[in-house]
Protein chains: 2
Amino acid sequence: MSDLSTLVLPHIQKLHAYTPGLQPAEPGWVKLNTNECPYPPSPRVATAIRAELAEDGELLRLYPNPKSTPLRQLVAKIHGLREENVLIGNGSDDVLNLLVRVFGGPSAATGFTLPSYSLYPVLVAINDGATTVIEFDRSMKLPVDKIAASGARAFFLTSPNAPTGVAFSNAELAAVLDKFSGVLVVDEAYAPFAKENAVPLLARYQNLVITRTLSKAHALAGLRVGYALASSTAIELLDRVRDSYNVNRLSQAGAYAALADTGYYDAIIGKIIYTRDYWVSDWSDRLGWFIYPSQTNFIFAEPKNARGETGPAVAKSLYDFLLTQKILVRAFPSNALTAPFLRISVGSDDEMFAVNTAINVWLKM
Amino acid sequence: MSDLSTLVLPHIQKLHAYTPGLQPAEPGWVKLNTNECPYPPSPRVATAIRAELAEDGELLRLYPNPKSTPLRQLVAKIHGLREENVLIGNGSDDVLNLLVRVFGGPSAATGFTLPSYSLYPVLVAINDGATTVIEFDRSMKLPVDKIAASGARAFFLTSPNAPTGVAFSNAELAAVLDKFSGVLVVDEAYAPFAKENAVPLLARYQNLVITRTLSKAHALAGLRVGYALASSTAIELLDRVRDSYNVNRLSQAGAYAALADTGYYDAIIGKIIYTRDYWVSDWSDRLGWFIYPSQTNFIFAEPKNARGETGPAVAKSLYDFLLTQKILVRAFPSNALTAPFLRISVGSDDEMFAVNTAINVWLKM
C-alpha cells in the first residue's frame, strides 16, 4: 500500500480548489453574493419538468439525449445559428472546462484578465496549464493590444466583465479578434443584461467562442445548464472531450422551456436592469460612491464611509456589518483594484431596500 | 485569424470520442443495449423532485448544494462510512473523469483491462495520459499478478466486469491490493446485482477507490448521479478537481429519495436477477450457448447458429436480425475475445420473450 501523496500528480498536489460563493443552508438570509436571479424561473420550466417526470418518473430510467439535440436546435434558432454551432454544458462552467482541456496545456498558455471570473485560473491549474495574465487598470478599459499580443492559445474574457460589471463593445472585441492569433472565449454569462453581445461577430471570426449560462438571467442556477456558440469546427472539438451524457433529462427539458419563454424573461430582465440602474444612481448621487457602469445583474461599488474614506478596510467594514444583518454580498480582497469594492447582486425591491437600510445604518455608526 | 487545427492541443486533435450506445429517439424499440433498468425508479423519486420544484420551480433560481452534502451523508450511512469518504458525481462517468485527472498523465500511466468499460481509454486520452493495458484471456479470470506488476499509477477495474458480467471476489481484489503500489479503482456500476462488493475492503486499503452509479440498479440513467467511496485523502483530492456545482438540485433530491427507498430497489433488483438467471439457464441448456456467469443486469452470450457455428460472423448475423425486429443489443466487434458475443441487457419479461422469440426465428432461418 502506498501513500496517496506519492501517487497524485504534482500539479494536483499543489492545487487550490475554486471557492464558490457562500451558500447558506439555513433560511433568513438576503443572499446577494452569487448573482442569482431574485425572481423565479418561467413557470413553464416546472411544467416541462413535470411532463418529463410523467406519472412516476419512468422516463428517468433511460439515458438522456447525449447531445441535448432539441436544446441545441432551439439555442441555434434563438441566435440565428445552426445546430452544429451549439454545445450544451452542465452549466457554463462545464463548457469553460472543456475549452481549457481542448486548447490549454503546459506548453499552450491560457490567458485571462485580472480581475475576471476566478474559476479560469483554477481550470487551467487542474489541466497543468501555463497562464498569461493581463491586468486591467482602474479605468477597466479593455487592453486590446495586450490581449492581442498575449501569445495565449486561448484567451478567456468575461464580457460584461465580472466582478466589475463593465461591458466591452463589439468594436473592441473585433479589434482584439483582428489581431489575435488564438481562440478568444467571450464568457457572456451576463450578456442578457447588456446593450450588446458578441453573437454577430461569430459570422466573421472562426476563432471566437461565446459561452452563456442559464444560471443568471434565466433563474436556473439550480438546474446547471450553459452553452457554447462557435464554429462547427470548435464545437466538434469540444464534443470530443464532453461527457456523453453531461446534461440530464430534467435539465434539458427545463432549459428548453425557459429559452422558449422569451416574453417572461424579457420582463424580469427589464425589471432587474431598472432596479440596478435605480440603485447605481442613488448610491452614486446620494452617497457619492464610485460605481462602475454596470451592464450585468450586479453592482460593483466602492463604499465610502461617513468620514468620506474609501479603501479595502472600508469595504471590509461594510461587508462585515452587512453580514451581521444577515445580508450576504461578495468581497474580492486579493486584488488591489477590487479590494476597495463590494459586489452586490441586484435583488428584489425588498432585498435592495434591506441593503440600502443597512448601508444607511452603517453610515451613521 | 488562425486555423483552429493549429491551436488545438495535439492529443485532442487525434482524439477519438467515446461512442455511447444508440439512443433511438423514436418509440417502438426493445432497447437492451445500454443496461438501463427495465423498471421505473422508486415513485418516491418523482415525489421528491416535485417537492424540490415546489409551486413554480422557484428554488431553481438558487445554486445547488455545492458538495451535495445531504446525499453524501446518506451514501455514507448506507455503506457504513463517513461523509468525508464520499463524493457525488454527475454520473459515475464524472467521478471516473476526476480520477483520471488526479492520478493519470503523460508520465503517470493509467491501467485498465481489455475488455472492460471502453470509456476508460477515452478519458485517459483526453488527459494525454499514458496507458497500461492488461488483457484477459478467454477464462476471464482476474490477472492478479499482472495488475499488481502493471506499474500503473491508477488501475481501473470494472467489477463485476463489463461487458462480460464476470465478478471478481474480494479475496482476488485483496490479492491485487496487497501487492499493487498504485490506486485501484473498482468500478462497481453493477455491484447491486452481484453477490459481493468491495466496500468492506475500504477499511484496510487507503489506495482503494470504489465508484458506483444510480444509472443501472436505481433506474436513474436519465438523472446522472454516481459516487465515489474512498479514503478522506482521496476524496479531498477529487473534490479539488470537481466542478463546484456538478450535481443539480433535482438530481440531488431524486437520488436521495432513491437511495432511501431500499425496499423498492431490493424488489426490482431481485426480479432482474431472477430474470437474468432464468434466461442464462434457458439459452445455455436449450440452445447450448456459452454464457459467462453474470453478476450484472446483462447477459454476455456467444450465439450459436442452427449449424452449431459460433464466432464474430454469427454474432453479427444475430445482431443484424434483431435490429430488423427493432431489438437493440450491443456488439463488441473490435476485440477478438468479445467479437463472438452479444451483450443483452436484462429487460422486462415481455422484452425478454421478444428477444427469445426473435432468436428462435433466427435459428430457423
# chains A, B, ... in the order shown; residues from 1 in each chain; ligands from 1
>>> residues_around(residues="segment 138-141 of chain A", least_positions_apart="5", cutoff="10 Å", atoms="only C-alpha atoms", output="list in words")
Leu114, Pro115, Asn161, Thr164, Gly165, Val166, Ala167, Phe168, Glu172, Tyr292, Ala336, Leu337 and Thr338 of chain A
>>> residues_around(residues="Ala257 of chain A", least_positions_apart="4", cutoff="12 Å", atoms="only C-alpha atoms", output="list in words")
Pro41, Ser42, Pro43, Arg44, Val45, Ala46, Thr47, Ala48, Ile49, Arg50, Ala51, Glu52, Pro70, Leu71, Leu74, Val75, Leu214, His218, Leu220, Leu250, Ser251, Gln252, Ala253, Asp261, Thr262, Gly263, Tyr264 and Tyr265 of chain A
>>> interface_residues(of="chain A", to="chain B", cutoff="6 Å", atoms="only C-alpha atoms", output="list of chain:residue names")
A:Met1, A:Ser2, A:Val8, A:Leu9, A:Ala17, A:Cys37, A:Pro40, A:Pro43, A:Ala46, A:Asp56, A:Gly57, A:Glu58, A:Leu60, A:Arg61, A:Leu62, A:Tyr63, A:Pro64, A:Val102, A:Phe103, A:Ser181, A:Ala219, A:Leu220, A:Ala221, A:Gly222, A:Leu223, A:Arg224, A:Arg240, A:Asn248, A:Arg249
>>> residues_around(residues="segment 311-317 of chain A", least_positions_apart="2", cutoff="9 Å", atoms="only C-alpha atoms", output="ChimeraX atom specification")
/A:302-305,309,319-322,331,333,336,338-342,362
>>> select_by_dssp(residues="segment 217-341 of chain B", states="strand (DSSP E)", output="PyMOL selection string")
chain B and resi 226-229+290-291+298-302+327-328+330-331
>>> atom_distance(atom1="atom CA of Ser232 of chain B", atom2="atom CA of Leu87 of chain B")
9.7 Å
>>> closest_residue(among="A:Tyr117, A:Phe332, A:Phe300, A:Trp29", to="Ser284 of chain A", atoms="only C-alpha atoms")
A:Phe300
